[in-house]
Amino acid sequence: MDNRKDIRSLFLSELSGQLEALGIQKYRAGQIYSQLYKGIDDFSGMTNLSLSLRQKLGEIYYIENLTVREKSVSKIDGTTKFLFETRDGEYVESVMMRYEHGNTACISTQIGCKMGCSFCASSRLGFARNLTPGEMLSQIDMISRECNLRVSNIVLMGIGEPLDNYDNVIKFLKLVNAPEGFNIGYRHISLSTCGLCEKIYSLAEEKMPLTLSISLHAPFDDMRSEMMPINRRYDIKTLIKACKDYIEVTGRRISFEYALIGGVNDTKECAAELIRLLKGMLCHVNLIPVNKVKESGYVGSANQKEFISVLEKGGINVTVRRKMGADIEAACGQLRRKYGGQK
């Protein structure tokens, strides 16, 4: 059994304290940290340290690294999708999207998902475990190295519900933001949740100026409960109140994600109710083209323009998510399902 510690999951102050307790000079922590964020994935490569110290570190710690199992690059827009294997033989997916405003990494926070949303492929194989901060950081590191670029933006919208892995996700956010780490500003990070209300309140108290995205997808409780089982725990009224309270505490605009599904949530009645729910809030609606998941039977809507028109006339700001990597099935969940079926 490997009892070593994941050094990627440690704050600089934590590492410094642990090294001091081991009789190693505290300043060594800074030397080690500088190498962790420069693509060094083994202590043997930290040539700024003595051989004996590198050997000692390798006995106490390991550097979390994911292994690339598949890599697909879109011929349409350069979007790159990764399937990574973890140390314990699980699979996790990440996507790199290239925009004019920078390179955006969409990462996963769990292996599988407990939420069971009907339109999502990620939970079809069930939930395995939470990802550690080090495993999330390793996704950023591997994407940077494999694509030979600097990640400037992060979206936590891959496999898993970020707020269901709250402590590890918060530590990851602090680590990825740290000046001695990747130094990615909170304003360049988006976190998507299906609506774990008590965690939304906790997130507000973290005072992180990130962008919170709420997967709403339906304006009526019966419809949303059918699509998203979490709504049976936190109904729409409870969720909207949590969002309003989050905005009041943080002053940050919320993005409401809405996958427009033909014959399900694309009616004028849905648009009118959405206006009623969101009117006056510091928010916008991000309409999402449906990714076809054969088990759900959902199809795209022919009413997108009309739906947008109704929302805009009702004073709701609307954007449409640009579909990236269509030729490589860039939506998360597809590759893990393929490999998971072989396990």
# chains A, B, ... in the order shown; residues from 1 in each chain; ligands from 1
call {"tool": "select_by_dssp", "arguments": {"residues": "segment 107-163 of chain A", "states": "helix (DSSP H, G or I)", "output": "list in words"}}
result
Pro133, Gly134, Glu135, Met136, Leu137, Ser138, Gln139, Ile140, Asp141, Met142, Ile143, Ser144, Arg145, Glu146, Cys147, Pro162 and Leu163 of chain A
call {"tool": "residues_around", "arguments": {"residues": "Glu59 of chain A", "least_positions_apart": "2", "cutoff": "10 Å", "atoms": "only C-alpha atoms", "output": "ChimeraX atom specification"}}
result
/A:2-5,53-57,61-62
call {"tool": "write_last_selection", "arguments": {"atoms": "C-alpha atoms", "output": "short mmCIF file (atom, residue, chain, number, x, y, z; two decimals), in the first residue's frame"}}
result
data_model
loop_
_atom_site.label_atom_id
_atom_site.label_comp_id
_atom_site.auth_asym_id
_atom_site.auth_seq_id
_atom_site.Cartn_x
_atom_site.Cartn_y
_atom_site.Cartn_z
CA ASP A 2 1.32 3.43 -0.99
CA ASN A 3 1.12 5.73 2.04
CA ARG A 4 2.90 8.65 0.41
CA LYS A 5 1.26 12.08 0.28
CA LEU A 53 16.80 15.24 -0.81
CA ARG A 54 15.11 14.12 -4.04
CA GLN A 55 15.28 10.53 -2.85
CA LYS A 56 13.88 11.45 0.55
CA LEU A 57 11.02 13.41 -1.02
CA TYR A 61 5.49 12.23 -1.37
CA TYR A 62 4.37 11.53 -4.89
#
call {"tool": "closest_residue", "arguments": {"among": "A:Arg224, A:Leu277, A:Glu70, A:Gly39", "to": "Asn148 of chain A", "atoms": "only C-alpha atoms"}}
result
A:Gly39
call {"tool": "residues_around", "arguments": {"residues": "segment 28-34 of chain A", "least_positions_apart": "5", "cutoff": "10 Å", "atoms": "only C-alpha atoms", "output": "PyMOL selection string"}}
result
chain A and resi 7-8+10-20+39-40+43+46+48-49+53-54+57+180-181
call {"tool": "write_last_selection", "arguments": {"atoms": "N, CA and C atoms", "output": "compact mmCIF listing (two decimals), in the first residue's frame"}}
result
# COMPACT_ATOMS: atom_id res chain seq x y z
N ILE A 7 1.81 15.60 -3.16
CA ILE A 7 2.43 16.91 -2.93
C ILE A 7 1.72 18.02 -3.72
N ARG A 8 1.07 17.67 -4.83
CA ARG A 8 0.34 18.68 -5.61
C ARG A 8 -0.84 19.25 -4.83
N LEU A 10 -1.00 20.12 -1.79
CA LEU A 10 -0.58 20.89 -0.61
C LEU A 10 -0.39 22.36 -0.96
N PHE A 11 -0.82 23.23 -0.04
CA PHE A 11 -0.46 24.64 -0.13
C PHE A 11 1.04 24.78 0.15
N LEU A 12 1.63 25.85 -0.34
CA LEU A 12 3.05 26.10 -0.07
C LEU A 12 3.31 26.14 1.44
N SER A 13 2.41 26.77 2.19
CA SER A 13 2.58 26.86 3.64
C SER A 13 2.50 25.48 4.29
N GLU A 14 1.62 24.60 3.76
CA GLU A 14 1.52 23.24 4.30
C GLU A 14 2.81 22.47 4.05
N LEU A 15 3.31 22.55 2.83
CA LEU A 15 4.54 21.85 2.48
C LEU A 15 5.71 22.36 3.32
N SER A 16 5.78 23.68 3.48
CA SER A 16 6.85 24.27 4.28
C SER A 16 6.83 23.74 5.70
N GLY A 17 5.64 23.68 6.29
CA GLY A 17 5.51 23.18 7.66
C GLY A 17 5.87 21.71 7.77
N GLN A 18 5.47 20.91 6.79
CA GLN A 18 5.78 19.49 6.82
C GLN A 18 7.28 19.24 6.66
N LEU A 19 7.90 20.00 5.78
CA LEU A 19 9.34 19.85 5.59
C LEU A 19 10.10 20.22 6.86
N GLU A 20 9.68 21.29 7.51
CA GLU A 20 10.33 21.72 8.75
C GLU A 20 10.22 20.63 9.82
N GLY A 39 6.10 21.80 -15.25
CA GLY A 39 6.07 20.56 -16.03
C GLY A 39 6.93 19.44 -15.48
N ILE A 40 7.52 19.61 -14.29
CA ILE A 40 8.31 18.54 -13.68
C ILE A 40 7.36 17.56 -13.02
N PHE A 43 10.36 13.66 -8.99
CA PHE A 43 11.36 14.33 -8.14
C PHE A 43 12.76 14.24 -8.74
N MET A 46 13.97 17.36 -10.44
CA MET A 46 14.19 18.60 -9.68
C MET A 46 15.67 18.76 -9.38
N ASN A 48 17.47 21.23 -9.02
CA ASN A 48 17.86 22.31 -8.11
C ASN A 48 17.95 21.80 -6.67
N LEU A 49 17.65 20.51 -6.48
CA LEU A 49 17.74 19.88 -5.16
C LEU A 49 18.83 18.81 -5.19
N LEU A 53 18.08 14.63 -1.13
CA LEU A 53 16.80 15.24 -0.81
C LEU A 53 15.73 14.76 -1.78
N ARG A 54 16.07 14.63 -3.06
CA ARG A 54 15.11 14.12 -4.04
C ARG A 54 14.66 12.71 -3.69
N LEU A 57 12.34 12.92 -0.63
CA LEU A 57 11.02 13.41 -1.02
C LEU A 57 10.20 12.31 -1.68
N GLU A 180 2.26 31.56 -6.56
CA GLU A 180 3.37 30.63 -6.72
C GLU A 180 2.97 29.39 -7.52
N GLY A 181 1.68 29.30 -7.88
CA GLY A 181 1.19 28.17 -8.66
C GLY A 181 0.92 28.59 -10.10
call {"tool": "atom_distance", "arguments": {"atom1": "atom CA of Leu137 of chain A", "atom2": "atom CA of Lys26 of chain A"}}
result
23.2 Å
call {"tool": "closest_residue", "arguments": {"among": "A:Lys174, A:Arg187, A:His284, A:Arg129", "to": "Leu216 of chain A", "atoms": "only C-alpha atoms"}}
result
A:His284
call {"tool": "residues_around", "arguments": {"residues": "segment 302-305 of chain A", "least_positions_apart": "2", "cutoff": "7 Å", "atoms": "only C-alpha atoms", "output": "compact mmCIF listing (two decimals) with C-alpha atoms, in the first residue's frame"}}
result
# COMPACT_ATOMS: atom_id res chain seq x y z
CA GLY A 262 -37.23 20.27 -28.64
CA ASP A 266 -38.72 25.30 -25.54
CA GLY A 300 -32.46 20.06 -30.43
CA PHE A 307 -37.42 31.50 -27.50
CA ILE A 308 -34.59 34.05 -27.50
CA SER A 309 -36.90 36.75 -28.82
call {"tool": "atom_distance", "arguments": {"atom1": "atom CA of Glu64 of chain A", "atom2": "atom CA of Leu163 of chain A"}}
result
22.1 Å
call {"tool": "select_by_dssp", "arguments": {"residues": "segment 274-310 of chain A", "states": "strand (DSSP E or B)", "output": "list in words"}}
result
Cys283, His284, Val285, Asn286, Leu287, Ile288, Pro289 and Gly300 of chain A
